[in-house]
file upload.pdb (PDB, C-alpha atoms and all ligand atoms)
ATOM      1  CA  MET O 398     -54.350 -20.143  17.767
ATOM      2  CA  LYS O 399     -54.114 -19.850  21.516
ATOM      3  CA  ASN O 400     -50.985 -18.603  23.132
ATOM      4  CA  SER O 401     -50.438 -21.580  25.298
ATOM      5  CA  VAL O 402     -50.443 -24.500  23.008
ATOM      6  CA  LYS O 403     -49.613 -27.567  24.907
ATOM      7  CA  VAL O 404     -47.520 -30.025  23.044
ATOM      8  CA  LEU O 405     -48.048 -33.567  23.923
ATOM      9  CA  LEU O 406     -45.342 -36.075  23.734
ATOM     10  CA  SER O 407     -45.894 -39.696  24.201
ATOM     11  CA  ILE O 408     -43.724 -42.263  25.723
ATOM     12  CA  ILE O 409     -43.936 -45.697  24.361
ATOM     13  CA  VAL O 410     -43.440 -48.217  27.027
ATOM     14  CA  VAL O 411     -41.451 -50.842  25.305
ATOM     15  CA  CYS O 412     -41.206 -54.211  26.866
ATOM     16  CA  THR O 413     -37.929 -55.675  25.812
ATOM     17  CA  GLY O 414     -37.073 -59.262  26.348
ATOM     18  CA  ILE O 415     -33.662 -59.448  27.888
ATOM     19  CA  ASN O 416     -31.491 -62.485  27.710
ATOM     20  CA  PHE O 417     -29.346 -62.599  30.747
ATOM     21  CA  ALA O 418     -26.258 -64.689  30.627
ATOM     22  CA  CYS O 419     -26.666 -67.892  32.534
ATOM     23  CA  ILE O 420     -25.355 -66.853  35.876
ATOM     24  CA  GLY O 421     -25.490 -70.404  37.113
ATOM     25  CA  CYS O 422     -22.940 -71.447  34.520
ATOM     26  CA  THR O 423     -20.116 -69.837  36.365
ATOM     27  CA  ILE O 424     -16.706 -69.753  34.883
ATOM     28  CA  ASN O 425     -13.754 -70.537  37.015
ATOM     29  CA  ASP O 426     -12.131 -67.188  36.560
ATOM     30  CA  GLN O 427      -8.902 -68.358  38.097
ATOM     31  CA  LYS O 428      -8.396 -70.474  34.997
ATOM     32  CA  LEU O 429      -9.938 -67.820  32.841
ATOM     33  CA  ASP O 430     -11.650 -70.242  30.601
ATOM     34  CA  TYR O 431     -13.857 -67.936  28.630
ATOM     35  CA  ASN O 432     -16.425 -70.441  27.551
ATOM     36  CA  GLU O 433     -19.502 -68.747  28.886
ATOM     37  CA  VAL O 434     -19.409 -65.311  27.517
ATOM     38  CA  ASN O 435     -22.000 -63.077  26.006
ATOM     39  CA  GLY O 436     -21.353 -64.112  22.504
ATOM     40  CA  TYR O 437     -17.711 -63.166  22.602
ATOM     41  CA  MET O 438     -15.521 -66.189  22.518
ATOM     42  CA  SER O 439     -11.825 -66.138  22.922
ATOM     43  CA  GLU O 440      -9.126 -68.577  23.784
ATOM     44  CA  SER O 441      -8.328 -69.525  27.330
ATOM     45  CA  VAL O 442      -6.031 -67.111  28.985
ATOM     46  CA  THR O 443      -4.395 -67.236  32.335
ATOM     47  CA  THR O 444      -3.713 -63.826  33.625
ATOM     48  CA  LYS O 445      -0.825 -63.167  35.870
ATOM     49  CA  THR O 446      -1.871 -60.042  37.581
ATOM     50  CA  ASP O 447      -5.518 -59.680  38.011
ATOM     51  CA  ARG O 448      -6.997 -63.019  38.598
ATOM     52  CA  GLU O 449      -4.468 -65.631  39.510
ATOM     53  CA  ASN O 450      -2.542 -66.542  42.589
ATOM     54  CA  ASN O 451      -4.918 -64.677  44.790
ATOM     55  CA  ASN O 452      -3.587 -61.574  43.209
ATOM     56  CA  SER O 453      -6.820 -60.625  41.684
ATOM     57  CA  ALA O 454      -8.006 -57.299  40.523
ATOM     58  CA  ASP O 455      -9.852 -57.401  43.691
ATOM     59  CA  ASN O 456      -6.903 -57.220  45.907
ATOM     60  CA  SER O 457      -6.617 -53.587  45.424
ATOM     61  CA  GLY O 458      -4.793 -51.572  47.865
ATOM     62  CA  ILE O 459      -6.361 -48.673  49.474
ATOM     63  CA  TYR O 460      -7.247 -46.143  51.920
ATOM     64  CA  ASN O 461      -7.959 -42.655  51.269
ATOM     65  CA  SER O 462      -9.645 -39.645  52.523
ATOM     66  CA  ASP O 463     -10.538 -38.511  49.058
ATOM     67  CA  ILE O 464     -13.942 -39.993  48.876
ATOM     68  CA  THR O 465     -16.296 -37.586  47.295
ATOM     69  CA  LYS O 466     -19.875 -37.625  46.349
ATOM     70  CA  GLN O 467     -20.719 -34.838  44.113
ATOM     71  CA  ASN O 468     -23.821 -33.593  42.579
ATOM     72  CA  SER O 469     -24.086 -33.725  38.909
ATOM     73  CA  SER O 470     -23.336 -30.779  36.772
ATOM     74  CA  LYS O 471     -26.173 -29.823  34.536
ATOM     75  CA  GLN O 472     -25.946 -29.712  30.844
ATOM     76  CA  PRO O 473     -27.250 -26.685  29.067
ATOM     77  CA  LYS O 474     -30.862 -26.636  28.055
ATOM     78  CA  GLY O 475     -31.581 -27.905  24.655
ATOM     79  CA  GLU O 476     -30.402 -31.363  25.556
ATOM     80  CA  ASP O 477     -31.625 -33.873  23.050
ATOM     81  CA  MET O 478     -34.993 -34.946  24.348
ATOM     82  CA  SER O 479     -34.855 -38.157  22.420
ATOM     83  CA  THR O 480     -32.889 -39.824  25.175
ATOM     84  CA  GLN O 481     -35.751 -39.353  27.582
ATOM     85  CA  LEU O 482     -38.743 -39.180  25.372
ATOM     86  CA  PRO O 483     -38.861 -41.692  22.581
ATOM     87  CA  SER O 484     -40.860 -40.503  19.615
ATOM     88  CA  ASP O 485     -44.563 -40.964  19.619
ATOM     89  CA  GLU O 486     -45.519 -44.029  17.670
ATOM     90  CA  GLY O 487     -49.148 -43.681  18.517
ATOM     91  CA  THR O 488     -49.737 -46.941  20.277
ATOM     92  CA  SER O 489     -52.601 -47.464  22.652
ATOM     93  CA  ARG O 490     -50.091 -47.955  25.459
ATOM     94  CA  SER O 491     -48.729 -44.469  25.151
ATOM     95  CA  THR O 492     -48.920 -42.074  28.032
ATOM     96  CA  SER O 493     -48.885 -38.354  27.528
ATOM     97  CA  ILE O 494     -46.610 -35.791  29.015
ATOM     98  CA  ASN O 495     -47.117 -32.094  28.880
ATOM     99  CA  LYS O 496     -43.866 -30.831  27.415
ATOM    100  CA  ALA O 497     -44.379 -27.325  28.738
ATOM    101  CA  ASP O 498     -44.529 -28.664  32.270
ATOM    102  CA  GLU O 499     -41.820 -31.225  31.765
ATOM    103  CA  LYS O 500     -38.441 -30.338  33.190
ATOM    104  CA  ILE O 501     -35.755 -31.469  30.816
ATOM    105  CA  LYS O 502     -34.015 -34.397  32.367
ATOM    106  CA  LEU O 503     -30.524 -35.628  31.736
ATOM    107  CA  PRO O 504     -30.330 -39.325  30.897
ATOM    108  CA  LEU O 505     -28.598 -40.361  34.109
ATOM    109  CA  GLU O 506     -30.332 -37.972  36.462
ATOM    110  CA  GLY O 507     -31.231 -39.621  39.738
ATOM    111  CA  LEU O 508     -28.612 -42.327  39.328
ATOM    112  CA  THR O 509     -25.697 -42.550  41.753
ATOM    113  CA  ILE O 510     -22.693 -44.369  40.348
ATOM    114  CA  CYS O 511     -19.666 -45.491  42.302
ATOM    115  CA  ILE O 512     -16.393 -45.489  40.369
ATOM    116  CA  ASP O 513     -13.740 -47.707  41.915
ATOM    117  CA  ALA O 514     -10.330 -47.004  40.410
ATOM    118  CA  GLY O 515      -8.445 -50.223  41.052
ATOM    119  CA  HIS O 516      -5.351 -50.421  43.268
ATOM    120  CA  GLY O 517      -3.413 -47.449  44.648
ATOM    121  CA  LYS O 518      -0.512 -46.682  46.904
ATOM    122  CA  THR O 519      -0.894 -47.885  50.448
ATOM    123  CA  ASP O 520       1.049 -48.186  53.683
ATOM    124  CA  ARG O 521      -0.841 -51.221  54.831
ATOM    125  CA  LYS O 522       0.726 -54.640  55.017
ATOM    126  CA  ALA O 523       0.857 -56.583  51.774
ATOM    127  CA  ASP O 524       0.003 -59.844  53.552
ATOM    128  CA  LEU O 525      -3.237 -58.506  54.981
ATOM    129  CA  LYS O 526      -6.086 -60.931  54.380
ATOM    130  CA  GLU O 527      -9.880 -60.770  54.576
ATOM    131  CA  PRO O 528     -12.793 -63.162  53.952
ATOM    132  CA  ILE O 529     -13.667 -63.665  50.302
ATOM    133  CA  ALA O 530     -17.373 -63.266  51.149
ATOM    134  CA  PRO O 531     -19.488 -62.432  54.203
ATOM    135  CA  GLY O 532     -19.428 -65.415  56.568
ATOM    136  CA  SER O 533     -16.782 -67.253  54.574
ATOM    137  CA  ASP O 534     -13.674 -68.706  56.210
ATOM    138  CA  ILE O 535     -11.784 -68.508  52.925
ATOM    139  CA  MET O 536      -9.267 -65.733  53.341
ATOM    140  CA  LYS O 537      -7.841 -63.771  50.467
ATOM    141  CA  ALA O 538      -5.258 -61.036  50.119
ATOM    142  CA  ALA O 539      -6.906 -57.732  50.929
ATOM    143  CA  ILE O 540      -4.614 -55.517  48.895
ATOM    144  CA  ALA O 541      -2.848 -55.913  45.548
ATOM    145  CA  SER O 542      -0.660 -53.562  43.620
ATOM    146  CA  GLY O 543      -1.820 -54.325  40.066
ATOM    147  CA  THR O 544       0.185 -54.600  36.884
ATOM    148  CA  SER O 545       2.196 -52.020  34.959
ATOM    149  CA  GLY O 546       2.889 -51.061  31.375
ATOM    150  CA  VAL O 547       5.678 -52.930  29.634
ATOM    151  CA  ALA O 548       6.235 -50.047  27.232
ATOM    152  CA  THR O 549       5.109 -46.991  29.183
ATOM    153  CA  LYS O 550       6.194 -48.185  32.661
ATOM    154  CA  ILE O 551       3.032 -46.510  33.928
ATOM    155  CA  THR O 552       1.381 -48.360  36.798
ATOM    156  CA  GLU O 553      -2.050 -49.852  36.400
ATOM    157  CA  ALA O 554      -3.134 -47.856  39.457
ATOM    158  CA  SER O 555      -2.268 -44.604  37.663
ATOM    159  CA  LEU O 556      -3.986 -45.644  34.453
ATOM    160  CA  ASN O 557      -7.101 -46.716  36.378
ATOM    161  CA  LEU O 558      -7.169 -43.360  38.117
ATOM    162  CA  ALA O 559      -6.777 -41.371  34.896
ATOM    163  CA  VAL O 560      -9.684 -43.157  33.240
ATOM    164  CA  SER O 561     -11.803 -42.997  36.392
ATOM    165  CA  LYS O 562     -11.434 -39.226  36.573
ATOM    166  CA  LYS O 563     -12.476 -38.856  32.935
ATOM    167  CA  LEU O 564     -15.385 -41.179  33.594
ATOM    168  CA  LYS O 565     -16.480 -39.147  36.597
ATOM    169  CA  LYS O 566     -16.634 -36.018  34.454
ATOM    170  CA  ALA O 567     -18.475 -37.701  31.598
ATOM    171  CA  LEU O 568     -21.068 -39.381  33.813
ATOM    172  CA  SER O 569     -21.610 -36.184  35.781
ATOM    173  CA  GLU O 570     -22.350 -34.361  32.543
ATOM    174  CA  LYS O 571     -25.073 -36.936  31.884
ATOM    175  CA  GLY O 572     -26.673 -36.101  35.209
ATOM    176  CA  ALA O 573     -25.349 -38.904  37.424
ATOM    177  CA  ASN O 574     -24.175 -38.439  40.983
ATOM    178  CA  ILE O 575     -20.710 -39.874  41.406
ATOM    179  CA  LEU O 576     -19.007 -41.546  44.335
ATOM    180  CA  MET O 577     -15.254 -41.878  43.789
ATOM    181  CA  ILE O 578     -13.509 -44.537  45.854
ATOM    182  CA  ARG O 579     -10.250 -42.700  45.247
ATOM    183  CA  GLU O 580      -9.188 -39.552  43.437
ATOM    184  CA  THR O 581      -5.517 -39.628  44.305
ATOM    185  CA  GLU O 582      -2.740 -42.172  43.809
ATOM    186  CA  TYR O 583      -2.921 -43.031  47.494
ATOM    187  CA  CYS O 584      -5.646 -45.262  48.845
ATOM    188  CA  ASP O 585      -5.538 -47.498  51.869
ATOM    189  CA  LEU O 586      -8.862 -49.277  51.680
ATOM    190  CA  THR O 587      -8.962 -53.057  51.429
ATOM    191  CA  ASN O 588     -11.368 -54.660  49.005
ATOM    192  CA  VAL O 589     -13.945 -55.223  51.710
ATOM    193  CA  GLU O 590     -13.580 -51.643  52.906
ATOM    194  CA  ARG O 591     -14.109 -50.325  49.390
ATOM    195  CA  THR O 592     -17.213 -52.447  49.086
ATOM    196  CA  GLU O 593     -18.594 -51.341  52.441
ATOM    197  CA  LEU O 594     -18.106 -47.778  51.331
ATOM    198  CA  TRP O 595     -20.254 -48.111  48.237
ATOM    199  CA  ASN O 596     -22.783 -50.322  50.030
ATOM    200  CA  SER O 597     -23.399 -47.612  52.609
ATOM    201  CA  SER O 598     -23.322 -44.724  50.155
ATOM    202  CA  GLY O 599     -26.720 -45.209  48.585
ATOM    203  CA  ALA O 600     -25.082 -45.740  45.186
ATOM    204  CA  ASP O 601     -27.089 -47.614  42.579
ATOM    205  CA  LEU O 602     -24.186 -49.425  40.949
ATOM    206  CA  THR O 603     -20.414 -49.715  40.971
ATOM    207  CA  ILE O 604     -17.971 -49.782  38.098
ATOM    208  CA  ARG O 605     -14.523 -51.077  38.933
ATOM    209  CA  ILE O 606     -11.840 -49.858  36.579
ATOM    210  CA  HIS O 607      -8.819 -52.104  35.987
ATOM    211  CA  ALA O 608      -6.291 -53.119  33.364
ATOM    212  CA  ASN O 609      -4.933 -56.564  32.700
ATOM    213  CA  GLY O 610      -1.529 -58.214  32.738
ATOM    214  CA  LEU O 611      -0.332 -61.511  31.360
ATOM    215  CA  ASN O 612       2.962 -63.244  30.736
ATOM    216  CA  ASP O 613       2.183 -63.357  27.026
ATOM    217  CA  ASN O 614       2.708 -59.969  25.445
ATOM    218  CA  THR O 615       0.726 -60.878  22.323
ATOM    219  CA  VAL O 616      -2.597 -60.967  24.182
ATOM    220  CA  SER O 617      -4.738 -57.849  24.037
ATOM    221  CA  GLY O 618      -8.355 -56.800  24.389
ATOM    222  CA  VAL O 619     -11.174 -55.800  26.664
ATOM    223  CA  LEU O 620     -12.588 -58.113  29.317
ATOM    224  CA  MET O 621     -15.705 -57.703  31.420
ATOM    225  CA  MET O 622     -16.143 -59.381  34.789
ATOM    226  CA  VAL O 623     -19.494 -59.771  36.533
ATOM    227  CA  PRO O 624     -20.422 -61.457  39.833
ATOM    228  CA  GLY O 625     -21.572 -65.073  40.123
ATOM    229  CA  ASN O 626     -24.109 -66.676  42.438
ATOM    230  CA  LYS O 627     -21.913 -68.801  44.691
ATOM    231  CA  TYR O 628     -22.042 -66.305  47.547
ATOM    232  CA  ILE O 629     -24.481 -63.721  46.222
ATOM    233  CA  LYS O 630     -28.124 -64.784  46.507
ATOM    234  CA  ASP O 631     -29.700 -61.570  45.271
ATOM    235  CA  ASP O 632     -30.864 -62.521  41.775
ATOM    236  CA  GLU O 633     -31.874 -58.996  40.863
ATOM    237  CA  MET O 634     -28.420 -57.687  41.769
ATOM    238  CA  LEU O 635     -26.814 -60.421  39.681
ATOM    239  CA  GLN O 636     -29.075 -59.824  36.700
ATOM    240  CA  LYS O 637     -28.523 -56.090  36.779
ATOM    241  CA  SER O 638     -24.774 -56.602  37.039
ATOM    242  CA  THR O 639     -24.848 -58.900  34.033
ATOM    243  CA  LEU O 640     -26.859 -56.394  32.022
ATOM    244  CA  ILE O 641     -24.604 -53.478  32.950
ATOM    245  CA  GLY O 642     -21.558 -55.561  32.079
ATOM    246  CA  LYS O 643     -23.031 -56.526  28.722
ATOM    247  CA  TYR O 644     -23.865 -52.963  27.721
ATOM    248  CA  ILE O 645     -20.596 -51.489  28.933
ATOM    249  CA  LEU O 646     -18.559 -54.134  27.125
ATOM    250  CA  GLU O 647     -20.533 -53.521  23.941
ATOM    251  CA  GLY O 648     -20.040 -49.783  24.268
ATOM    252  CA  VAL O 649     -16.317 -50.003  24.923
ATOM    253  CA  LEU O 650     -15.763 -52.422  22.044
ATOM    254  CA  LYS O 651     -17.768 -50.199  19.719
ATOM    255  CA  HIS O 652     -15.700 -47.132  20.479
ATOM    256  CA  THR O 653     -12.238 -48.660  20.907
ATOM    257  CA  LYS O 654     -12.494 -51.331  18.187
ATOM    258  CA  ALA O 655     -10.461 -53.462  20.559
ATOM    259  CA  LYS O 656     -10.536 -57.231  20.597
ATOM    260  CA  SER O 657     -13.126 -58.703  22.940
ATOM    261  CA  ARG O 658     -11.933 -61.046  25.666
ATOM    262  CA  GLY O 659     -15.566 -61.657  26.537
ATOM    263  CA  THR O 660     -17.308 -61.693  29.882
ATOM    264  CA  VAL O 661     -16.217 -63.745  32.870
ATOM    265  CA  VAL O 662     -18.620 -64.582  35.674
ATOM    266  CA  SER O 663     -16.561 -64.629  38.855
ATOM    267  CA  ASN O 664     -17.253 -65.961  42.332
ATOM    268  CA  GLU O 665     -13.724 -65.248  43.459
ATOM    269  CA  LEU O 666     -13.577 -61.492  43.764
ATOM    270  CA  THR O 667     -13.991 -60.121  47.261
ATOM    271  CA  GLY O 668     -15.162 -56.822  45.813
ATOM    272  CA  PHE O 669     -18.034 -58.638  44.118
ATOM    273  CA  ASN O 670     -19.055 -60.968  46.902
ATOM    274  CA  TRP O 671     -19.352 -58.245  49.515
ATOM    275  CA  SER O 672     -21.295 -55.922  47.250
ATOM    276  CA  LYS O 673     -24.980 -55.349  47.904
ATOM    277  CA  ILE O 674     -25.482 -53.319  44.723
ATOM    278  CA  PRO O 675     -24.905 -54.228  41.061
ATOM    279  CA  VAL O 676     -21.184 -54.229  40.308
ATOM    280  CA  VAL O 677     -18.975 -54.913  37.291
ATOM    281  CA  LEU O 678     -15.241 -54.880  36.716
ATOM    282  CA  LEU O 679     -13.881 -53.636  33.416
ATOM    283  CA  GLU O 680     -10.438 -54.807  32.350
ATOM    284  CA  MET O 681      -9.706 -52.096  29.804
ATOM    285  CA  GLY O 682      -6.855 -53.900  28.075
ATOM    286  CA  PHE O 683      -3.495 -55.565  28.583
ATOM    287  CA  MET O 684      -0.647 -53.414  29.821
ATOM    288  CA  THR O 685       1.672 -56.324  29.090
ATOM    289  CA  ASN O 686       0.975 -55.881  25.384
ATOM    290  CA  PRO O 687       3.281 -53.034  24.255
ATOM    291  CA  GLU O 688       0.899 -51.633  21.638
ATOM    292  CA  GLU O 689      -2.136 -51.802  23.866
ATOM    293  CA  ASP O 690      -0.186 -50.394  26.784
ATOM    294  CA  LYS O 691       0.746 -47.346  24.709
ATOM    295  CA  LEU O 692      -2.817 -46.943  23.461
ATOM    296  CA  LEU O 693      -4.319 -47.255  26.928
ATOM    297  CA  ASN O 694      -2.154 -44.425  28.118
ATOM    298  CA  THR O 695      -3.300 -41.912  25.524
ATOM    299  CA  ASP O 696      -6.055 -39.397  26.178
ATOM    300  CA  SER O 697      -7.802 -40.235  22.932
ATOM    301  CA  TYR O 698      -8.062 -43.960  23.711
ATOM    302  CA  GLN O 699      -9.102 -43.290  27.296
ATOM    303  CA  ASN O 700     -11.844 -41.024  25.975
ATOM    304  CA  LYS O 701     -13.079 -43.838  23.739
ATOM    305  CA  ILE O 702     -13.228 -46.180  26.707
ATOM    306  CA  VAL O 703     -15.133 -43.577  28.683
ATOM    307  CA  MET O 704     -17.590 -42.967  25.830
ATOM    308  CA  GLY O 705     -18.241 -46.677  25.651
ATOM    309  CA  ILE O 706     -18.876 -46.962  29.387
ATOM    310  CA  VAL O 707     -21.203 -43.965  29.392
ATOM    311  CA  GLU O 708     -23.103 -45.288  26.420
ATOM    312  CA  GLY O 709     -23.468 -48.654  28.128
ATOM    313  CA  ILE O 710     -24.800 -47.138  31.325
ATOM    314  CA  GLU O 711     -27.185 -44.910  29.408
ATOM    315  CA  LYS O 712     -28.554 -47.942  27.613
ATOM    316  CA  TYR O 713     -28.927 -49.782  30.909
ATOM    317  CA  GLN O 714     -30.644 -46.860  32.589
ATOM    318  CA  ALA O 715     -32.996 -46.287  29.666
ATOM    319  CA  GLU O 716     -34.018 -49.913  29.955
ATOM    320  CA  MET O 717     -34.534 -49.638  33.702
ATOM    321  CA  ASN O 718     -36.707 -46.576  33.151
ATOM    322  CA  THR O 719     -39.120 -48.604  31.061
ATOM    323  CA  LYS O 720     -39.742 -51.069  33.883
TER     324      LYS O 720
HETATM  325 ZN    ZN O 801      -6.187 -54.487  38.505
END
call {"tool": "encode", "arguments": {"input": "upload.pdb", "output": "structure tokens"}}
result
Amino acid sequence: MKNSVKVLLSIIVVCTGINFACIGCTINDQKLDYNEVNGYMSESVTTKTDRENNNSADNSGIYNSDITKQNSSKQPKGEDMSTQLPSDEGTSRSTSINKADEKIKLPLEGLTICIDAGHGKTDRKADLKEPIAPGSDIMKAAIASGTSGVATKITEASLNLAVSKKLKKALSEKGANILMIRETEYCDLTNVERTELWNSSGADLTIRIHANGLNDNTVSGVLMMVPGNKYIKDDEMLQKSTLIGKYILEGVLKHTKAKSRGTVVSNELTGFNWSKIPVVLLEMGFMTNPEEDKLLNTDSYQNKIVMGIVEGIEKYQAEMNTK
């Protein structure tokens, strides 16, 4: 046998049919009537903090000099190749790769992800307003403070930051480049300013991390928000956002075992309408529910949320790589 035996691996190009949610069937997220969700139905809920009274998740406060874009840290060699190289099933559509020449790739290598930890401390005026979408004369509050835990008294801004930092680490370990909108409690950017930051960064997608509040402490669960097509005319951006939202919600539900509040398509979030790249907003749970509030503020539960998000993005990226 020769010394240099070349091992051939084959990649099966799998064409998967994807059912995107009907983006045209937009839900009025201000009423939070979850009738058009990706298979997850739940009763109508009116949130107090994140989507009503122009006090949406979007109205995050901000400003911060802590914007970082870091290169990914590499995982040790021996990474499971199965994430990049599906097993050879011997179809005629296979293409061959020389394993000896193939540099082991991490699943999210080449992907730049913006993590937007919602809210934050700011010195800017609370009544500051900005257009809900480019060219729109509808003005909306530019900054919002978010909710807080009824049991833990921890602010949503702090919770969002804690999870975002864990997420940054986990995604970096998968090979992704990360842009953090904030890494401290303080952040003075308005929603539009946050959006402009990720638009100009070269990021591929943005994940906005939030938690919910409601004046009914029995309500709990995970909610996904994705952009609608009222102001955004880029169908590819909308479809990718919907797909990312679907996979992240599935991943988070799988790991947390939390109740699903479904997916809401929103035309009312400034931080969606100004975005030029795929964007989703994850409401991790309800801080107004004492049990969920306590859970959300534990490392173990935060790690489950992070695992679910990472898994969702990996699934999305794997699918993109086949196209
Ligand atoms: Zn929020």
call {"tool": "atom_distance", "arguments": {"input": "upload.pdb", "atom1": "atom CA of O:Leu646", "atom2": "atom CA of O:Leu620"}}
result
7.5 Å
call {"tool": "atom_distance", "arguments": {"input": "upload.pdb", "atom1": "atom CA of O:Pro528", "atom2": "atom CA of O:Met684"}}
result
28.7 Å
call {"tool": "closest_residue", "arguments": {"input": "upload.pdb", "among": "O:Ala514, O:Ile706, O:Ala539, O:Val619", "to": "ligand ZN 801 (chain O)", "atoms": "all atoms listed in the file"}}
result
O:Ala514
call {"tool": "closest_atom_pairs", "arguments": {"input": "upload.pdb", "of": "stretch 632-698 of chain O", "to": "stretch 591-598 of chain O", "cutoff": "6 Å", "atoms": "all atoms listed in the file", "output": "Markdown table"}}
result
| residue | atom | partner | partner_atom | distance |
| --- | --- | --- | --- | --- |
| O:Gly668 | CA | O:Thr592 | CA | 5.8 |
| O:Ser672 | CA | O:Thr592 | CA | 5.7 |
| O:Lys673 | CA | O:Asn596 | CA | 5.9 |
call {"tool": "resolve_selection", "arguments": {"input": "upload.pdb", "expression": "the PyMOL selection byres (((chain O and resi 575) around 12) and not hetatm)", "output": "number ranges by chain"}}
result
O: 464-470, 505-513, 561-574, 576-580, 595, 598-604
call {"tool": "closest_residue", "arguments": {"input": "upload.pdb", "among": "O:Thr552, O:Thr639, O:Ser617, O:Thr653", "to": "O:Gly705", "atoms": "all atoms listed in the file"}}
result
O:Thr653
call {"tool": "resolve_selection", "arguments": {"input": "upload.pdb", "expression": "the PyMOL selection byres (((chain O and resi 628) around 8) and not hetatm)", "output": "mmCIF file with C-alpha atoms, in the frame of the given file"}}
result
data_model
loop_
_atom_site.group_PDB
_atom_site.id
_atom_site.type_symbol
_atom_site.label_atom_id
_atom_site.label_comp_id
_atom_site.auth_asym_id
_atom_site.auth_seq_id
_atom_site.Cartn_x
_atom_site.Cartn_y
_atom_site.Cartn_z
ATOM 1 C CA ALA O 530 -17.373 -63.266 51.149
ATOM 2 C CA GLY O 625 -21.572 -65.073 40.123
ATOM 3 C CA ASN O 626 -24.109 -66.676 42.438
ATOM 4 C CA LYS O 627 -21.913 -68.801 44.691
ATOM 5 C CA ILE O 629 -24.481 -63.721 46.222
ATOM 6 C CA LYS O 630 -28.124 -64.784 46.507
ATOM 7 C CA ASN O 664 -17.253 -65.961 42.332
ATOM 8 C CA ASN O 670 -19.055 -60.968 46.902
#
call {"tool": "closest_residue", "arguments": {"input": "upload.pdb", "among": "O:Gly659, O:Gly642, O:Gly682, O:Pro675", "to": "ligand ZN 801 (chain O)", "atoms": "only C-alpha atoms and all ligand atoms"}}
result
O:Gly682
